[in-house]
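A.B. asks: start28.txt (compact mmCIF, C-alpha atoms and all ligand atoms) pasted underneath:
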# COMPACT_ATOMS: atom_id res chain seq x y z
CA MET T 93 -7.29 -54.63 143.04
CA ALA T 94 -5.55 -51.46 144.20
CA GLU T 95 -7.31 -48.89 146.39
CA LEU T 96 -9.33 -46.37 144.47
CA HIS T 97 -7.58 -43.04 144.40
CA THR T 98 -10.78 -41.19 143.66
CA PRO T 99 -12.76 -39.61 146.56
CA ARG T 100 -14.60 -42.19 148.71
CA ARG T 101 -17.63 -43.27 146.73
CA ARG T 102 -20.85 -44.89 147.83
CA ALA T 103 -22.26 -48.08 146.35
CA LEU T 104 -25.78 -49.46 146.77
CA LEU T 105 -26.40 -53.17 146.19
CA LEU T 106 -29.98 -54.46 145.90
CA GLU T 107 -31.66 -57.87 145.68
CA ARG T 108 -29.28 -60.07 147.68
CA ILE T 109 -26.28 -59.92 145.41
CA HIS T 110 -23.64 -62.54 146.28
CA PRO T 111 -21.56 -61.32 149.30
CA THR T 112 -18.30 -61.41 147.30
CA ALA T 113 -19.52 -58.28 145.51
CA ALA T 114 -19.83 -56.14 148.66
CA LYS T 115 -16.50 -57.50 149.90
CA ARG T 116 -14.68 -56.66 146.70
CA LEU T 117 -16.15 -53.18 146.44
CA SER T 118 -15.41 -52.30 150.07
CA GLU T 119 -11.88 -53.66 149.80
CA ALA T 120 -11.41 -51.22 146.93
CA GLY T 121 -12.42 -48.32 149.18
CA LEU T 122 -16.12 -47.92 148.44
CA GLU T 123 -18.70 -47.43 151.16
CA VAL T 124 -21.24 -50.18 150.47
CA SER T 125 -24.83 -50.36 151.65
CA GLU T 126 -27.25 -53.16 150.82
CA VAL T 127 -31.01 -53.60 150.57
CA PRO T 128 -32.07 -57.25 150.22
CA ARG T 129 -34.91 -56.62 147.74
CA ALA T 130 -35.88 -54.59 144.67
CA LEU T 131 -37.11 -51.04 145.35
CA SER T 132 -40.04 -49.17 143.83
CA GLU T 133 -39.33 -46.28 141.46
CA GLU T 134 -39.93 -43.68 144.18
CA ALA T 135 -37.85 -45.48 146.79
CA LEU T 136 -35.03 -46.02 144.31
CA ILE T 137 -34.92 -42.33 143.38
CA LYS T 138 -34.60 -41.48 147.07
CA GLU T 139 -31.97 -44.13 147.82
CA LEU T 140 -29.82 -43.17 144.85
CA GLN T 141 -29.00 -39.69 146.15
CA GLY T 142 -25.25 -39.63 146.73
CA ILE T 143 -24.77 -43.11 145.20
CA SER T 144 -22.14 -43.53 142.46
CA VAL T 145 -22.35 -47.28 141.97
CA LEU T 146 -25.60 -49.22 141.75
CA GLY T 147 -25.76 -53.03 141.69
CA ILE T 148 -29.04 -54.76 140.84
CA ARG T 149 -30.35 -58.12 139.69
CA SER T 150 -33.31 -58.80 137.43
CA LYS T 151 -36.19 -57.39 139.51
CA THR T 152 -35.14 -53.74 139.91
CA GLN T 153 -36.58 -51.59 137.15
CA LEU T 154 -34.07 -48.91 136.30
CA THR T 155 -36.33 -46.56 134.37
CA ARG T 156 -35.45 -43.33 132.57
CA ARG T 157 -37.06 -41.39 135.40
CA VAL T 158 -34.81 -43.03 137.96
CA VAL T 159 -31.70 -42.61 135.83
CA GLU T 160 -32.40 -38.94 135.19
CA ALA T 161 -32.98 -38.25 138.88
CA ALA T 162 -29.81 -40.05 139.96
CA GLU T 163 -27.40 -37.12 139.76
CA ASP T 164 -24.44 -38.92 141.29
CA LEU T 165 -24.79 -42.25 139.48
CA THR T 166 -21.57 -43.08 137.63
CA VAL T 167 -21.86 -46.76 136.76
CA VAL T 168 -24.40 -49.62 137.00
CA GLY T 169 -23.75 -53.33 137.52
CA ALA T 170 -26.43 -55.83 136.47
CA PHE T 171 -25.51 -58.87 138.57
CA CYS T 172 -27.23 -61.18 136.11
CA ILE T 173 -27.19 -61.94 132.40
CA GLY T 174 -30.18 -59.97 131.07
CA THR T 175 -30.39 -56.17 131.00
CA ASN T 176 -34.02 -55.74 129.86
CA GLN T 177 -34.88 -54.27 133.26
CA ILE T 178 -32.58 -51.30 132.60
CA ASP T 179 -33.25 -48.34 130.33
CA LEU T 180 -29.86 -48.68 128.62
CA HIS T 181 -30.40 -45.67 126.39
CA ALA T 182 -31.23 -43.41 129.31
CA CYS T 183 -28.04 -44.60 131.05
CA MET T 184 -25.98 -44.03 127.92
CA GLU T 185 -27.35 -40.53 127.44
CA ARG T 186 -26.36 -39.71 131.02
CA GLY T 187 -22.87 -41.12 130.48
CA VAL T 188 -23.49 -44.10 132.75
CA PRO T 189 -22.05 -47.41 131.49
CA VAL T 190 -23.86 -50.62 132.40
CA PHE T 191 -22.00 -53.90 132.94
CA ASN T 192 -23.47 -57.39 133.25
CA ALA T 193 -22.10 -60.93 133.51
CA PRO T 194 -22.70 -62.54 130.13
CA TYR T 195 -20.63 -65.70 130.68
CA ALA T 196 -21.00 -66.33 134.41
CA ASN T 197 -23.53 -69.15 134.11
CA THR T 198 -22.52 -70.67 130.78
CA ARG T 199 -21.04 -73.74 132.42
CA SER T 200 -24.12 -74.22 134.62
CA VAL T 201 -26.40 -74.36 131.57
CA VAL T 202 -24.07 -76.77 129.79
CA GLU T 203 -23.92 -79.16 132.75
CA LEU T 204 -27.70 -79.21 133.01
CA ALA T 205 -28.03 -79.92 129.28
CA LEU T 206 -25.65 -82.87 129.61
CA GLY T 207 -27.50 -84.19 132.67
CA GLN T 208 -30.83 -83.90 130.84
CA MET T 209 -29.45 -85.75 127.85
CA ILE T 210 -28.30 -88.67 129.98
CA ILE T 211 -31.57 -88.83 131.93
CA LEU T 212 -33.68 -88.68 128.77
CA MET T 213 -31.63 -90.98 126.55
CA ARG T 214 -31.65 -93.63 129.30
CA GLY T 215 -35.38 -93.34 129.86
CA VAL T 216 -34.68 -92.55 133.53
CA LEU T 217 -37.46 -89.97 133.74
CA GLU T 218 -40.22 -92.34 132.59
CA LYS T 219 -38.91 -95.15 134.81
CA SER T 220 -38.71 -92.88 137.83
CA ASN T 221 -42.28 -91.68 137.21
CA LEU T 222 -43.48 -95.30 136.96
CA LEU T 223 -41.68 -96.28 140.14
CA HIS T 224 -43.30 -93.37 141.99
CA ARG T 225 -46.56 -95.06 141.09
CA GLY T 226 -45.32 -98.42 142.42
CA ARG T 227 -44.37 -99.93 139.02
CA TRP T 228 -41.09 -101.81 138.83
CA TYR T 229 -40.23 -101.49 135.12
CA LYS T 230 -36.71 -102.86 134.85
CA SER T 231 -35.98 -102.95 131.14
CA SER T 232 -33.08 -101.97 128.91
CA GLY T 233 -35.49 -101.27 126.03
CA ARG T 234 -35.12 -97.71 124.68
CA ALA T 235 -32.40 -97.00 127.25
CA ARG T 236 -29.36 -95.75 125.37
CA GLU T 237 -25.91 -94.32 126.11
CA LEU T 238 -24.81 -90.93 124.83
CA ARG T 239 -21.58 -92.39 123.48
CA GLY T 240 -21.54 -92.49 119.70
CA LYS T 241 -24.84 -90.58 119.37
CA ARG T 242 -25.12 -87.46 117.32
CA LEU T 243 -25.82 -84.20 119.15
CA GLY T 244 -27.20 -81.33 117.04
CA ILE T 245 -26.60 -77.93 118.65
CA VAL T 246 -28.75 -75.11 117.32
CA GLY T 247 -27.02 -71.79 118.14
CA TYR T 248 -23.24 -72.14 118.47
CA GLY T 249 -22.59 -69.22 120.83
CA ASN T 250 -21.13 -69.16 124.34
CA ILE T 251 -23.25 -72.03 125.59
CA GLY T 252 -23.45 -74.01 122.35
CA THR T 253 -19.66 -74.10 121.92
CA GLN T 254 -18.98 -75.15 125.50
CA LEU T 255 -21.60 -77.88 125.23
CA SER T 256 -19.90 -79.01 122.03
CA ILE T 257 -16.57 -79.58 123.81
CA LEU T 258 -18.01 -81.42 126.82
CA ALA T 259 -20.36 -83.57 124.74
CA GLU T 260 -17.42 -84.70 122.60
CA ALA T 261 -15.55 -85.60 125.78
CA LEU T 262 -18.46 -87.98 126.53
CA GLY T 263 -18.01 -89.58 123.13
CA MET T 264 -20.81 -87.83 121.23
CA GLU T 265 -20.52 -86.80 117.63
CA VAL T 266 -21.35 -83.08 117.48
CA VAL T 267 -22.89 -81.11 114.64
CA TYR T 268 -24.15 -77.55 114.90
CA TYR T 269 -26.13 -74.95 113.01
CA ASP T 270 -25.73 -71.20 113.47
CA ILE T 271 -26.93 -68.32 111.33
CA GLU T 272 -23.48 -66.77 111.62
CA GLU T 273 -20.16 -68.20 110.49
CA LYS T 274 -18.68 -69.89 113.59
CA LEU T 275 -15.35 -71.55 114.26
CA ALA T 276 -15.92 -75.29 114.77
CA LEU T 277 -14.35 -76.46 118.04
CA GLY T 278 -12.80 -79.89 118.49
CA ASN T 279 -14.22 -82.28 115.91
CA ALA T 280 -17.63 -80.60 115.67
CA LYS T 281 -18.99 -80.11 112.18
CA PRO T 282 -21.21 -77.30 110.92
CA CYS T 283 -24.47 -78.10 109.14
CA ARG T 284 -25.33 -75.93 106.18
CA THR T 285 -29.01 -75.89 107.10
CA LEU T 286 -31.16 -76.45 110.16
CA ASP T 287 -32.91 -79.14 108.16
CA GLU T 288 -29.67 -81.14 107.79
CA LEU T 289 -29.13 -80.98 111.56
CA LEU T 290 -32.70 -81.99 112.42
CA ARG T 291 -32.78 -84.98 110.06
CA THR T 292 -29.58 -86.54 111.41
CA SER T 293 -29.36 -85.76 115.15
CA ASP T 294 -30.27 -88.15 117.98
CA VAL T 295 -30.41 -85.22 120.41
CA VAL T 296 -31.30 -81.65 119.41
CA SER T 297 -30.31 -78.99 121.95
CA VAL T 298 -31.35 -75.38 121.35
CA HIS T 299 -29.09 -72.49 122.45
CA VAL T 300 -30.12 -69.56 120.26
CA ASP T 301 -30.69 -66.03 121.57
CA GLY T 302 -34.10 -64.44 122.04
CA ARG T 303 -34.21 -62.13 119.00
CA PRO T 304 -37.80 -61.63 117.76
CA GLY T 305 -37.13 -63.63 114.55
CA ASN T 306 -36.57 -66.73 116.68
CA ARG T 307 -40.18 -66.89 117.82
CA ASP T 308 -41.53 -70.38 117.03
CA LEU T 309 -38.22 -71.41 115.46
CA PHE T 310 -39.39 -74.89 116.46
CA GLY T 311 -42.95 -75.74 115.41
CA ALA T 312 -44.71 -78.74 113.84
CA PRO T 313 -42.62 -78.75 110.59
CA GLU T 314 -39.31 -78.79 112.53
CA PHE T 315 -40.40 -81.60 114.87
CA GLU T 316 -41.68 -83.49 111.83
CA ARG T 317 -38.21 -83.34 110.26
CA MET T 318 -36.44 -84.72 113.33
CA LYS T 319 -35.37 -88.37 113.59
CA GLU T 320 -37.92 -90.86 114.95
CA GLY T 321 -37.38 -91.20 118.70
CA ALA T 322 -35.04 -88.21 119.02
CA VAL T 323 -34.63 -86.22 122.22
CA PHE T 324 -35.30 -82.46 122.28
CA ILE T 325 -33.89 -79.94 124.76
CA ASN T 326 -34.62 -76.24 125.14
CA LEU T 327 -32.64 -74.25 127.69
CA SER T 328 -32.59 -71.03 125.64
CA ARG T 329 -35.73 -68.87 125.47
CA GLY T 330 -39.39 -69.74 125.85
CA ILE T 331 -40.53 -68.02 122.66
CA VAL T 332 -38.33 -70.23 120.51
CA VAL T 333 -40.55 -73.33 120.77
CA ASN T 334 -44.23 -73.77 120.01
CA LEU T 335 -45.21 -75.91 122.98
CA GLU T 336 -48.47 -77.23 121.47
CA ALA T 337 -46.47 -78.57 118.52
CA LEU T 338 -43.92 -80.09 120.91
CA ARG T 339 -46.67 -81.75 122.93
CA ASP T 340 -48.17 -83.26 119.74
CA ALA T 341 -44.77 -84.60 118.64
CA LEU T 342 -44.27 -86.19 122.06
CA GLU T 343 -47.77 -87.66 122.28
CA GLU T 344 -47.52 -89.11 118.78
CA GLY T 345 -44.25 -90.79 119.74
CA LYS T 346 -42.33 -88.91 117.07
CA LEU T 347 -39.98 -87.67 119.81
CA LYS T 348 -38.83 -89.95 122.60
CA SER T 349 -38.74 -87.21 125.22
CA ALA T 350 -37.94 -83.58 125.92
CA ALA T 351 -36.49 -81.26 128.56
CA VAL T 352 -37.84 -77.72 128.78
CA ASP T 353 -36.47 -75.07 131.15
CA VAL T 354 -37.86 -71.87 129.60
CA PHE T 355 -41.43 -70.92 128.72
CA PRO T 356 -43.22 -68.24 126.66
CA THR T 357 -44.78 -66.89 129.86
CA GLU T 358 -43.23 -67.60 133.21
CA PRO T 359 -44.62 -66.89 136.69
CA GLY T 360 -43.32 -63.67 138.22
CA ALA T 361 -42.64 -65.14 141.66
CA ASP T 362 -42.44 -68.39 143.61
CA GLY T 363 -45.95 -69.64 144.31
CA ASP T 364 -47.60 -67.98 141.27
CA ALA T 365 -49.59 -70.42 139.15
CA PHE T 366 -47.90 -72.08 136.18
CA ASP T 367 -49.66 -73.60 133.21
CA SER T 368 -48.29 -75.26 130.08
CA PRO T 369 -49.43 -77.66 127.34
CA LEU T 370 -46.65 -79.96 128.56
CA LEU T 371 -48.04 -80.53 132.06
CA GLY T 372 -48.71 -84.14 132.90
CA LEU T 373 -46.53 -85.71 130.18
CA ASP T 374 -44.36 -88.42 131.71
CA ASN T 375 -41.63 -88.08 129.10
CA VAL T 376 -41.03 -84.35 129.62
CA LEU T 377 -38.54 -83.04 132.15
CA LEU T 378 -39.79 -79.63 133.24
CA THR T 379 -37.63 -77.19 135.19
CA PRO T 380 -38.47 -73.62 136.31
CA HIS T 381 -35.83 -71.63 134.34
CA ILE T 382 -32.92 -72.87 136.43
CA GLY T 383 -30.42 -73.53 133.64
CA GLY T 384 -28.09 -70.84 134.91
CA SER T 385 -29.08 -70.90 138.58
CA THR T 386 -26.23 -72.38 140.57
CA GLU T 387 -24.21 -71.20 143.54
CA GLU T 388 -21.12 -71.17 141.34
CA ALA T 389 -22.78 -68.94 138.76
CA GLN T 390 -23.88 -66.49 141.47
CA GLU T 391 -20.38 -66.44 142.87
CA ASN T 392 -18.91 -65.87 139.40
CA ILE T 393 -21.27 -62.96 138.92
CA GLY T 394 -20.29 -61.64 142.37
CA THR T 395 -16.66 -61.29 141.29
CA PHE T 396 -16.97 -60.60 137.57
CA VAL T 397 -19.25 -57.57 137.78
CA PRO T 398 -17.41 -55.74 140.63
CA ASP T 399 -14.17 -56.09 138.67
CA LYS T 400 -15.80 -54.41 135.69
CA LEU T 401 -17.22 -51.63 137.91
CA LEU T 402 -13.86 -51.02 139.56
CA ASN T 403 -11.97 -51.09 136.27
CA TYR T 404 -14.30 -48.39 135.05
CA LEU T 405 -14.06 -46.27 138.19
CA GLU T 406 -10.32 -46.60 138.47
CA TRP T 407 -9.08 -46.77 134.87
CA GLY T 408 -12.06 -45.76 132.74
CA SER T 409 -12.19 -49.20 131.06
CA THR T 410 -15.52 -49.90 129.39
CA SER T 411 -14.64 -53.32 128.03
CA LEU T 412 -17.87 -55.42 127.83
CA ALA T 413 -20.14 -52.50 128.81
CA VAL T 414 -23.51 -53.25 127.20
CA ASN T 415 -24.51 -49.68 126.34
CA PHE T 416 -21.21 -47.86 125.87
CA PRO T 417 -18.30 -47.70 123.42
CA ASN T 418 -15.96 -50.49 124.56
CA LEU T 419 -12.42 -49.40 125.46
CA GLN T 420 -9.89 -51.59 127.25
CA LEU T 421 -7.39 -49.21 128.85
CA PRO T 422 -3.92 -49.61 130.35
CA GLU T 423 -3.40 -48.87 134.05
CA LEU T 424 -2.49 -45.33 135.05
CA ARG T 425 1.14 -44.86 136.02
CA GLY T 426 2.04 -41.58 137.68
CA GLU T 427 -0.35 -39.58 135.56
CA HIS T 428 -3.88 -38.26 135.52
CA ARG T 429 -6.53 -39.57 133.18
CA VAL T 430 -9.19 -37.23 131.84
CA VAL T 431 -12.39 -39.00 130.83
CA HIS T 432 -14.65 -37.06 128.48
CA ILE T 433 -18.08 -38.44 127.57
CA HIS T 434 -20.04 -36.54 124.96
CA GLU T 435 -22.77 -36.81 122.36
CA ASN T 436 -21.31 -38.27 119.20
CA VAL T 437 -21.16 -35.16 116.99
CA PRO T 438 -18.21 -34.10 114.80
CA GLY T 439 -15.46 -31.86 116.16
CA ILE T 440 -15.46 -32.67 119.88
CA LEU T 441 -12.08 -34.39 119.91
CA ALA T 442 -10.56 -31.29 118.33
CA ARG T 443 -12.22 -29.10 120.97
CA ILE T 444 -10.88 -31.29 123.79
CA ASN T 445 -7.37 -31.07 122.37
CA GLN T 446 -7.66 -27.29 121.94
CA VAL T 447 -8.48 -26.97 125.63
CA LEU T 448 -5.58 -29.22 126.64
CA ALA T 449 -3.16 -27.40 124.31
CA SER T 450 -4.22 -23.95 125.52
CA ARG T 451 -3.40 -25.07 129.08
CA GLU T 452 -0.05 -26.46 127.92
CA MET T 453 -0.86 -29.92 129.18
CA ASN T 454 1.46 -32.74 128.32
CA VAL T 455 -0.59 -35.52 126.68
CA SER T 456 1.00 -38.96 126.97
CA GLY T 457 -1.79 -41.05 125.51
CA GLN T 458 -5.24 -40.65 124.00
CA TYR T 459 -7.96 -43.20 123.23
CA LEU T 460 -11.24 -42.67 121.44
CA LYS T 461 -14.25 -44.88 120.77
CA THR T 462 -17.73 -43.95 119.67
CA ASN T 463 -21.07 -45.64 119.17
CA GLU T 464 -24.12 -44.24 117.38
CA LYS T 465 -24.95 -41.87 120.25
CA VAL T 466 -21.94 -41.38 122.50
CA GLY T 467 -18.27 -40.51 122.13
CA TYR T 468 -15.78 -41.65 124.75
CA VAL T 469 -12.37 -39.95 124.85
CA ILE T 470 -9.66 -40.79 127.35
CA THR T 471 -6.59 -38.58 127.62
CA ASP T 472 -3.64 -39.35 129.89
CA VAL T 473 -1.91 -36.15 131.03
CA GLY T 474 1.05 -35.23 133.21
CA ARG T 475 0.80 -34.92 137.00
CA ASP T 476 0.88 -31.13 137.10
CA TYR T 477 -2.42 -30.52 135.38
CA ASN T 478 -4.36 -27.35 135.82
CA GLU T 479 -7.61 -27.74 137.86
CA GLY T 480 -9.45 -25.22 135.69
CA VAL T 481 -9.22 -27.54 132.74
CA VAL T 482 -12.12 -29.66 134.00
CA GLN T 483 -14.54 -26.77 133.96
CA GLU T 484 -13.39 -25.77 130.50
CA LEU T 485 -13.88 -29.31 129.22
CA GLU T 486 -17.34 -29.41 130.80
CA GLU T 487 -18.23 -26.24 128.93
CA ILE T 488 -17.62 -27.81 125.51
CA PRO T 489 -21.10 -28.00 123.95
CA ARG T 490 -22.66 -31.53 123.90
CA THR T 491 -20.49 -32.69 126.80
CA ILE T 492 -22.27 -35.29 128.95
CA ARG T 493 -19.73 -35.83 131.70
CA VAL T 494 -16.08 -35.23 132.58
CA ARG T 495 -14.12 -37.24 135.17
CA VAL T 496 -10.52 -37.04 136.24
CA LEU T 497 -8.87 -40.23 137.50
CA TYR T 498 -5.76 -39.99 139.65
P1 LIG X 1 -24.94 -66.29 122.49
O1 LIG X 1 -25.48 -64.99 122.04
O2 LIG X 1 -23.50 -66.42 122.84
O3 LIG X 1 -25.27 -67.42 121.38
C1 LIG X 1 -26.44 -67.48 120.64
C2 LIG X 1 -26.08 -68.04 119.27
O4 LIG X 1 -27.28 -68.36 118.58
C3 LIG X 1 -25.31 -67.06 118.41
O5 LIG X 1 -24.16 -67.69 117.89
C4 LIG X 1 -26.31 -66.73 117.29
O6 LIG X 1 -25.68 -66.42 116.06
C5 LIG X 1 -27.11 -67.99 117.22
N1 LIG X 1 -28.44 -67.88 116.63
C6 LIG X 1 -29.37 -66.91 116.82
N2 LIG X 1 -30.50 -67.20 116.13
C7 LIG X 1 -30.26 -68.38 115.51
C8 LIG X 1 -31.05 -69.20 114.67
N3 LIG X 1 -32.29 -68.86 114.33
N4 LIG X 1 -30.51 -70.33 114.18
C9 LIG X 1 -29.24 -70.68 114.52
N5 LIG X 1 -28.44 -69.95 115.31
C10 LIG X 1 -28.95 -68.81 115.81
O7 LIG X 1 -25.84 -66.72 123.73
P2 LIG X 1 -25.50 -67.75 124.90
O8 LIG X 1 -24.82 -67.04 126.01
O9 LIG X 1 -24.85 -68.95 124.32
O10 LIG X 1 -26.98 -68.11 125.39
C11 LIG X 1 -27.83 -68.89 124.56
C12 LIG X 1 -29.26 -68.84 125.07
O11 LIG X 1 -29.32 -69.40 126.39
C13 LIG X 1 -29.83 -67.43 125.19
O12 LIG X 1 -31.14 -67.43 124.67
C14 LIG X 1 -29.87 -67.16 126.68
O13 LIG X 1 -30.90 -66.28 127.02
C15 LIG X 1 -30.16 -68.56 127.20
N6 LIG X 1 -29.79 -68.77 128.61
C16 LIG X 1 -30.65 -69.49 129.39
C17 LIG X 1 -30.37 -69.72 130.71
C18 LIG X 1 -31.30 -70.53 131.55
O14 LIG X 1 -31.35 -70.33 132.75
N7 LIG X 1 -32.04 -71.45 130.98
C19 LIG X 1 -29.16 -69.17 131.36
C20 LIG X 1 -28.25 -68.50 130.42
C21 LIG X 1 -28.60 -68.31 129.10
Using structure tokens, write down the structure that the file contains.
Ligand code: NAI

C.D. replies:
Amino acid sequence: MAELHTPRRRALLLERIHPTAAKRLSEAGLEVSEVPRALSEEALIKELQGISVLGIRSKTQLTRRVVEAAEDLTVVGAFCIGTNQIDLHACMERGVPVFNAPYANTRSVVELALGQMIILMRGVLEKSNLLHRGRWYKSSGRARELRGKRLGIVGYGNIGTQLSILAEALGMEVVYYDIEEKLALGNAKPCRTLDELLRTSDVVSVHVDGRPGNRDLFGAPEFERMKEGAVFINLSRGIVVNLEALRDALEEGKLKSAAVDVFPTEPGADGDAFDSPLLGLDNVLLTPHIGGSTEEAQENIGTFVPDKLLNYLEWGSTSLAVNFPNLQLPELRGEHRVVHIHENVPGILARINQVLASREMNVSGQYLKTNEKVGYVITDVGRDYNEGVVQELEEIPRTIRVRVLY
């Protein structure tokens, strides 16, 4: 990454973000400070004075009040997958793009799903639990290989598709069900209905997103339709499965076993009490929402997000921003780039071009993208641009922010 040619900016990283992030940002010329924990609203408002780049993880609440008080904030990096902790609208209205790391832990989740499948299909969990109690139960009964078994993937997105490829490599036959039309990878086959998938799969692994309509996607009727002795895995969202219904299906022997990593309510911190209808069942592998928690995933996040932040600061690229019109931009070569962020109302592009024309500026490229609220216009202009143009662009009504990149 080349040095930033913009004035030296300050970045604040909270919550013990992987060290590669600070390294990458400082190598690019930013002055980086770190606080190893989340800050309260008041403390955050104070700390953000003079800060252009903020990096957080899931515990920092970036509220509208904070965003509106943070005069110098230019861009936010969520060094995690979720962005619920951020008021994305407030950021958008202030012209502050937010970037996260949507794919950084995909592989980690997939590997855990595969490991769980092997452990559960082989009956390893039950046998380990028995042995802990001093019982030597050496039997091949109900211990099966994955090879040749049918895996049903519900939700064929980033995780579902990668699981599909690796499960086939282990010799599984893969079917999937998604509410959207999805390209089948390898030899995987789509099911027309969830019902078709449930009735024929030896292992059902759920990888849907957490949209409200997915609450209780799996309840008593769905477990009832599954094959006798099937294995069930949920590494997606807690709300997706009715845990009482799952417990009943396991106790009745309808399902052989299950692995559950996500829960409808999860403790806020280590040491907080945890309760679940699944506690105490020997054939359930419980994990505390660690599907994506690996050193590799953290390291991926530590490089992926800084690159997005720097591409925005240096080139204006908003590709993969979660709250902003997405524009992938070419590098700047011997020119200036004028970034104009405005409310999405008709006529602004014309006003921008009037200003540039009246100052006889040579435009070599222009890019525009809008979403329902914000318009994002990038104009590449010749080296000898007139300083006064920035003020004139700022004065266009409904302008949110103007930046010039060198
Ligand atoms: P994604 O958005 O790429 O894929 C989700 C897929 O599910 C989409 O293709 C969507 O069309 C499909 N879908 C949604 N509702 C459906 C339904 N009712 N029936 C069938 N298909 C449906 O998401 P990604 O990245 O693959 O993540 C999947 C899930 O894994 C998410 O819920 C995410 O929060 C969770 N996750 C859990 C982690 C953990 O630590 N356990 C770590 C990372 C992700």

A.B. asks: I'd like the interatomic distance between atom CA of Arg129 of chain T and atom CA of Gly147 of chain T, to a tenth of an Å.

C.D. replies: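 Between atom CA of Arg129 of chain T and atom CA of Gly147 of chain T the gap is 11.5 Å.
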
A.B. asks: May I ask for the distance between atom CA of Thr386 of chain T and atom CA of Ala113 of chain T, given in Å to one decimal place?

C.D. replies: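 Going from atom CA of Thr386 of chain T over to atom CA of Ala113 of chain T covers 16.4 Å.
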
A.B. asks: Kindly provide, as AutoDock Vina command-line options, the centre and edge lengths (Å, one decimal) of an axis-aligned box around all atoms of ligand LIG 1 (chain X) given in the file, with 8 Å on each side.

C.D. replies:
--center_x -27.9 --center_y -68.2 --center_z 123.5 --size_x 24.8 --size_y 22.5 --size_z 34.6

A.B. asks: Can you work out the spacing between atom CA of Gly249 of chain T and atom CA of Gly384 of chain T in Å, to one decimal?

C.D. replies: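 Value for the atom CA of Gly249 of chain T-atom CA of Gly384 of chain T distance: 15.2 Å.
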
A.B. asks: How would you write, as an MDAnalysis selection string, the set of residues no farther than 9 Å from ligand LIG 1 (chain X) when counting all atoms listed in the file?

C.D. replies: chainID T and resid 173:174 194:198 200:201 245:254 268:274 286 298:303 305:307 309 326:330 332 352:354 380:385

A.B. asks: Name all residues at most 8 Å from Ile210 of chain T (count all atoms listed in the file; drop same-chain ones fewer than 3 positions away) and give them as an MDAnalysis selection string.

C.D. replies: chainID T and resid 206:207 213:214 237:238

A.B. asks: Between T:Leu424, T:Glu452, T:Gly278, T:Arg239, which one has atoms that come closest to Leu262 of chain T, using all atoms listed in the file?

C.D. replies: T:Arg239
